[in-house]
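See below for protein30.csv, which holds CSV, C-alpha atoms.
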chain,number,residue,atom,x,y,z
F,484,MET,CA,21.1,-5.9,-13.4
F,485,GLN,CA,24.5,-7.7,-13.3
F,486,ASN,CA,27.5,-5.6,-12.4
F,487,GLU,CA,30.9,-7.0,-13.5
F,488,MET,CA,32.7,-4.9,-10.9
F,489,MET,CA,31.0,-6.8,-8.1
F,490,HIS,CA,33.4,-9.7,-8.8
F,491,ARG,CA,36.6,-7.6,-9.0
F,492,PRO,CA,37.3,-6.6,-5.4
F,493,VAL,CA,40.2,-4.3,-4.8
F,494,VAL,CA,41.8,-6.4,-2.0
F,495,LYS,CA,42.9,-10.0,-1.8
F,496,LYS,CA,40.1,-12.5,-2.5
F,497,GLU,CA,40.9,-14.4,0.7
F,498,LEU,CA,40.4,-11.2,2.8
F,499,VAL,CA,37.2,-10.4,0.9
F,500,ALA,CA,35.8,-13.9,1.6
F,501,TYR,CA,36.8,-13.4,5.3
F,502,MET,CA,35.0,-10.1,5.6
F,503,ARG,CA,31.9,-11.3,3.8
F,504,GLN,CA,31.6,-14.6,5.6
F,505,ARG,CA,32.9,-14.0,9.1
F,506,GLN,CA,31.3,-10.7,10.0
F,507,LYS,CA,28.0,-10.6,11.7
F,508,PRO,CA,25.1,-11.3,9.3
F,509,LEU,CA,22.0,-9.3,9.0
F,510,THR,CA,18.9,-10.8,10.6
F,511,GLY,CA,15.2,-10.8,9.9
F,512,GLU,CA,13.6,-9.8,6.6
F,513,LEU,CA,16.5,-7.4,5.8
F,514,GLY,CA,19.0,-10.3,6.0
F,515,LYS,CA,16.7,-12.4,3.8
F,516,LEU,CA,16.6,-9.6,1.2
F,517,GLU,CA,20.4,-9.4,1.2
F,518,GLY,CA,20.7,-13.1,0.7
F,519,GLU,CA,18.2,-13.1,-2.1
F,520,ALA,CA,19.9,-10.3,-3.9
F,521,ASN,CA,23.3,-12.0,-3.6
F,522,ARG,CA,21.9,-15.3,-5.0
F,523,ARG,CA,20.4,-13.4,-7.9
F,524,GLY,CA,23.5,-11.4,-8.6
F,525,VAL,CA,21.7,-8.1,-8.0
F,526,PRO,CA,24.2,-5.3,-7.4
F,527,VAL,CA,23.6,-4.4,-3.8
F,528,ILE,CA,26.4,-3.2,-1.5
F,529,PRO,CA,28.6,-6.2,-0.5
F,530,HIS,CA,28.4,-7.4,3.1
F,531,GLU,CA,31.7,-5.8,4.1
F,532,THR,CA,30.2,-2.4,3.2
F,533,VAL,CA,27.0,-3.3,4.9
F,534,VAL,CA,28.9,-3.9,8.2
F,535,PHE,CA,30.9,-0.7,7.8
F,536,MET,CA,27.8,1.3,7.1
F,537,GLU,CA,26.1,-0.2,10.2
F,538,PHE,CA,29.1,0.8,12.3
F,539,LEU,CA,29.3,4.3,10.8
F,540,LEU,CA,25.6,5.1,11.0
F,541,GLY,CA,25.5,3.8,14.6
F,542,GLN,CA,28.1,6.4,15.5
F,543,LEU,CA,26.7,9.2,13.4
F,544,GLN,CA,23.0,8.6,14.3
F,545,PRO,CA,21.7,10.7,11.3
F,546,GLN,CA,18.1,11.7,11.2
F,547,HIS,CA,17.9,12.9,7.6
F,548,VAL,CA,19.4,10.7,5.0
F,549,LEU,CA,19.6,11.0,1.2
F,550,GLU,CA,20.5,8.3,-1.3
F,551,ILE,CA,21.2,8.7,-5.0
F,552,GLY,CA,20.6,5.3,-6.6
F,553,ALA,CA,17.9,3.2,-4.9
F,554,ALA,CA,18.2,0.0,-6.9
F,555,ILE,CA,16.1,-2.6,-5.2
F,556,GLY,CA,15.9,-0.5,-2.0
F,557,PHE,CA,18.3,-2.6,0.1
F,558,SER,CA,20.7,0.1,1.2
F,559,ALA,CA,17.9,2.5,1.9
F,560,SER,CA,16.3,-0.1,4.0
F,561,LEU,CA,19.5,-0.7,5.9
F,562,MET,CA,20.0,3.1,6.5
F,563,ALA,CA,16.4,3.4,7.7
F,564,GLN,CA,17.3,1.2,10.7
F,565,PHE,CA,19.5,4.0,12.0
F,566,VAL,CA,17.5,7.2,11.7
F,567,GLY,CA,15.5,6.9,14.8
F,568,GLU,CA,11.7,7.4,15.3
F,569,LYS,CA,11.6,10.9,13.8
F,570,GLY,CA,14.2,10.3,11.1
F,571,HIS,CA,13.6,9.7,7.4
F,572,VAL,CA,15.4,8.3,4.3
F,573,THR,CA,14.9,9.9,0.8
F,574,THR,CA,16.1,7.9,-2.1
F,575,ILE,CA,16.2,8.5,-5.9
F,576,ASP,CA,16.0,6.2,-8.8
F,577,ARG,CA,15.0,6.4,-12.5
F,578,TYR,CA,14.6,2.8,-13.6
F,579,ASP,CA,11.1,1.5,-13.6
F,580,VAL,CA,12.0,-2.1,-12.9
F,581,MET,CA,14.1,-1.0,-9.9
F,582,ILE,CA,11.5,1.4,-8.6
F,583,LYS,CA,8.8,-1.3,-8.6
F,584,GLU,CA,11.0,-3.8,-6.8
F,585,ALA,CA,12.3,-1.2,-4.3
F,586,LYS,CA,8.7,-0.2,-3.4
F,587,ALA,CA,7.8,-3.8,-2.9
F,588,ASN,CA,10.7,-4.3,-0.6
F,589,PHE,CA,9.9,-1.2,1.4
F,590,SER,CA,6.4,-2.6,1.9
F,591,ARG,CA,7.8,-6.0,2.8
F,592,LEU,CA,10.0,-4.4,5.5
F,593,GLY,CA,7.3,-2.1,6.8
F,594,LEU,CA,9.2,1.0,5.8
F,595,GLU,CA,6.6,2.9,3.7
F,596,ASP,CA,6.5,5.7,6.3
F,597,LYS,CA,10.3,5.7,6.8
F,598,VAL,CA,11.5,5.9,3.2
F,599,THR,CA,10.5,8.2,0.4
F,600,LEU,CA,11.4,7.1,-3.2
F,601,LEU,CA,11.6,10.0,-5.7
F,602,GLU,CA,11.2,8.8,-9.2
F,603,GLY,CA,13.2,10.4,-12.0
F,604,GLN,CA,16.6,11.7,-13.1
F,605,ALA,CA,18.8,12.7,-10.1
F,606,ALA,CA,20.1,15.6,-12.2
F,607,ASP,CA,16.5,17.0,-12.2
F,608,ILE,CA,15.5,16.0,-8.7
F,609,LEU,CA,18.6,17.1,-6.7
F,610,PRO,CA,18.2,20.9,-7.5
F,611,THR,CA,14.7,20.7,-6.0
F,612,LEU,CA,15.8,19.4,-2.6
F,613,THR,CA,16.5,21.7,0.3
F,614,GLY,CA,17.9,19.4,3.0
F,615,PRO,CA,19.9,19.7,5.1
F,616,TYR,CA,20.8,16.0,5.2
F,617,ASP,CA,23.1,14.5,7.8
F,618,PHE,CA,24.3,11.6,5.6
F,619,ILE,CA,24.2,11.1,1.8
F,620,PHE,CA,25.0,7.9,0.1
F,621,MET,CA,25.7,8.2,-3.6
F,622,ASP,CA,25.7,4.9,-5.5
F,623,SER,CA,24.5,5.7,-9.0
F,624,ALA,CA,26.0,6.2,-12.5
F,625,LYS,CA,29.7,6.6,-11.8
F,626,SER,CA,30.2,9.1,-14.7
F,627,LYS,CA,27.7,11.4,-12.9
F,628,TYR,CA,29.4,11.6,-9.6
F,629,ILE,CA,31.3,14.7,-10.4
F,630,GLU,CA,28.1,16.3,-11.9
F,631,PHE,CA,26.0,15.5,-8.8
F,632,LEU,CA,28.7,16.5,-6.3
F,633,PRO,CA,27.9,20.2,-6.0
F,634,GLU,CA,24.2,19.6,-5.4
F,635,CYS,CA,25.0,16.9,-2.8
F,636,LEU,CA,27.3,19.2,-0.9
F,637,ARG,CA,24.7,22.0,-1.2
F,638,VAL,CA,22.1,19.9,0.7
F,639,LEU,CA,24.6,18.3,3.1
F,640,ARG,CA,24.9,20.0,6.5
F,641,LYS,CA,28.3,21.3,7.6
F,642,GLY,CA,30.0,18.3,9.2
F,643,GLY,CA,27.7,15.8,7.6
F,644,VAL,CA,29.0,12.8,5.6
F,645,LEU,CA,28.8,12.1,1.9
F,646,MET,CA,29.7,8.4,1.3
F,647,VAL,CA,30.3,7.5,-2.4
F,648,ASP,CA,30.5,3.9,-3.5
F,649,ASP,CA,32.4,2.1,-6.3
F,650,ILE,CA,35.1,4.6,-6.9
F,651,PHE,CA,38.0,2.2,-7.8
F,652,GLN,CA,36.4,0.9,-11.0
F,653,GLY,CA,37.2,-2.7,-10.3
F,654,GLY,CA,40.8,-1.8,-9.2
F,655,THR,CA,41.6,-0.1,-12.5
F,656,ILE,CA,41.2,3.5,-11.5
F,657,LEU,CA,44.9,4.2,-11.7
F,658,ASP,CA,45.5,2.4,-15.0
F,659,ALA,CA,46.4,4.5,-18.0
F,660,THR,CA,43.4,5.6,-20.0
F,661,GLU,CA,44.6,3.7,-23.1
F,662,ASP,CA,44.6,0.5,-21.1
F,663,ILE,CA,40.9,0.9,-20.2
F,664,PRO,CA,38.3,-0.7,-22.6
F,665,ARG,CA,36.8,2.1,-24.8
F,666,LYS,CA,33.3,1.6,-23.3
F,667,ASN,CA,34.7,2.4,-19.8
F,668,ARG,CA,37.0,5.3,-20.7
F,669,ALA,CA,34.5,8.1,-20.0
F,670,ILE,CA,33.7,6.6,-16.6
F,671,HIS,CA,37.4,6.2,-15.9
F,672,ARG,CA,38.2,9.9,-16.8
F,673,LYS,CA,35.3,11.3,-14.8
F,674,LEU,CA,35.9,9.1,-11.7
F,675,ASN,CA,39.6,10.3,-11.7
F,676,ALA,CA,38.4,13.9,-12.0
F,677,PHE,CA,36.0,13.3,-9.2
F,678,LEU,CA,38.6,11.8,-6.9
F,679,ASP,CA,41.2,14.5,-7.8
F,680,LEU,CA,38.6,17.2,-6.9
F,681,VAL,CA,37.3,15.9,-3.6
F,682,MET,CA,40.8,14.9,-2.3
F,683,SER,CA,42.4,18.2,-3.1
F,684,HIS,CA,39.5,20.6,-2.3
F,685,PRO,CA,40.5,22.9,0.6
F,686,GLN,CA,37.0,23.0,2.0
F,687,LEU,CA,36.5,19.3,2.1
F,688,THR,CA,37.9,16.5,4.2
F,689,SER,CA,37.9,13.0,2.7
F,690,THR,CA,39.2,9.5,3.3
F,691,LEU,CA,39.4,6.4,1.1
F,692,VAL,CA,38.2,3.0,2.3
F,693,PRO,CA,39.1,-0.1,0.3
F,694,LEU,CA,35.8,-2.0,0.8
F,695,GLY,CA,33.9,-3.5,-2.1
F,696,ASP,CA,34.9,-1.6,-5.2
F,697,GLY,CA,36.1,1.3,-3.0
F,698,LEU,CA,34.4,4.0,-0.9
F,699,ILE,CA,35.2,7.6,-0.2
F,700,LEU,CA,33.8,9.5,2.7
F,701,ILE,CA,33.7,13.3,2.4
F,702,THR,CA,32.7,16.0,4.9
F,703,LYS,CA,32.4,19.6,4.2
F,704,ASP,CA,34.2,22.0,6.5
F,705,VAL,CA,32.2,25.2,5.6
F,706,GLU,CA,28.5,25.9,5.1
F,707,GLU,CA,28.9,26.6,1.4
F,708,VAL,CA,31.5,24.9,-0.7
F,709,SER,CA,32.9,26.8,-3.7
F,710,PHE,CA,34.0,25.1,-6.9
F,711,GLU,CA,35.0,28.3,-8.8
F,712,GLU,CA,38.7,28.0,-8.2
F,713,GLN,CA,38.7,24.3,-9.1
F,714,ALA,CA,36.7,25.0,-12.3
F,715,GLU,CA,39.2,27.7,-13.4
F,716,THR,CA,42.1,25.3,-12.8
F,717,THR,CA,40.4,22.6,-14.9
F,718,GLU,CA,39.7,25.1,-17.7
F,719,ARG,CA,43.4,26.2,-17.8
F,720,SER,CA,44.6,22.6,-17.9
F,721,GLU,CA,42.3,21.6,-20.8

Encoding of this model in structure tokens:
Amino acid sequence: MQNEMMHRPVVKKELVAYMRQRQKPLTGELGKLEGEANRRGVPVIPHETVVFMEFLLGQLQPQHVLEIGAAIGFSASLMAQFVGEKGHVTTIDRYDVMIKEAKANFSRLGLEDKVTLLEGQAADILPTLTGPYDFIFMDSAKSKYIEFLPECLRVLRKGGVLMVDDIFQGGTILDATEDIPRKNRAIHRKLNAFLDLVMSHPQLTSTLVPLGDGLILITKDVEEVSFEEQAETTERSE
């Protein structure tokens, strides 16, 4: 459950400490859950991302939220605080140990009716969803981001927000491929391809945020996003 990238922030460590220690803490059982996860080294979103997400969702006020990568259910529980009485969070995970803990945490926080956990591979589940979702948070296998993107955008409403976590690969995202350890090269290539695609796509608007291991926020400017032109360009360059 350890994640080496958690300890490789992309901004100065003094600023990271300031953001994590000086910003308003979570309260109640959700705050206790965050503290427990941090003490155990469980890879939940860092506190600076928590505070940013609280601010963002407070402004967006989404009713229908989708998450890819439930882990222990912390971020889904956080997002559930912002969907209102009629809103709902749907989250996906494939790891049995995470699913078991996430369900226990949803029960602990009284969110069984507010959060639905879909068990299985996101690649299999995403095509079955219809949406539309107001907000999508993708925090799963980094090498799959580019694969999941079309389905995420399909179910995201026009003007909705797709927030993607951990996109700077511990600050190494711009390093030459040969300088990346072999075990991480596939992730490095696919993350770069993902970033190149979403930042250049004419039907998307995106912004990078250097919190945690990097975030990107994406909105779609049309009802249906086309990837045909980008795919053709990729094929010609290969």

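Shortest separation to F:Thr599 among F:Leu549, F:Met682, F:Leu674, F:Leu539 occurs at residue F:Leu549, atoms counted being only C-alpha atoms.
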
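Restricting the calculation to all atoms listed in the file, the smallest distance between F:Val525 and any of F:Asn675, F:Met621, F:Leu639, F:Gly556 is found for F:Gly556.
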
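The protein and nucleic acid residues lying at most 12 Å from F:Leu540 are Thr532, Val533, Val534, Phe535, Met536, Glu537, Leu543, Gln544, Pro545, Gln546, His547, Val548, Leu561, Met562, Ala563, Gln564, Phe565, Val566, Gly567, Asp617, Phe618, Ile619, Phe620, Gly643, Val644, Leu645 and Met646 of chain F, with only C-alpha atoms considered and sequence neighbours fewer than 3 positions away removed.
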
### Nearest to F:Glu630 by atom-to-atom distance, counting all atoms listed in the file, from F:Val692, F:Ala676, F:Leu657, F:Ile663
F:Ala676

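Minimum distance to F:Phe557 across F:Ala606, F:Leu601, F:Leu700, F:Leu509 (counting only C-alpha atoms) occurs at F:Leu509.
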
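One distance worth recording is that between atom CA of F:Leu609 and atom CA of F:Asn667, which is 25.4 Å.
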
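The coordinates place atom CA of F:Glu634 at 24.2 Å from atom CA of F:Ile656.
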
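Minimum atom-to-atom distances from F:Leu600, F:Ala559, F:Leu516, F:Leu594 to F:Ile575 were compared using all atoms listed in the file, and the lowest value belongs to F:Leu600.
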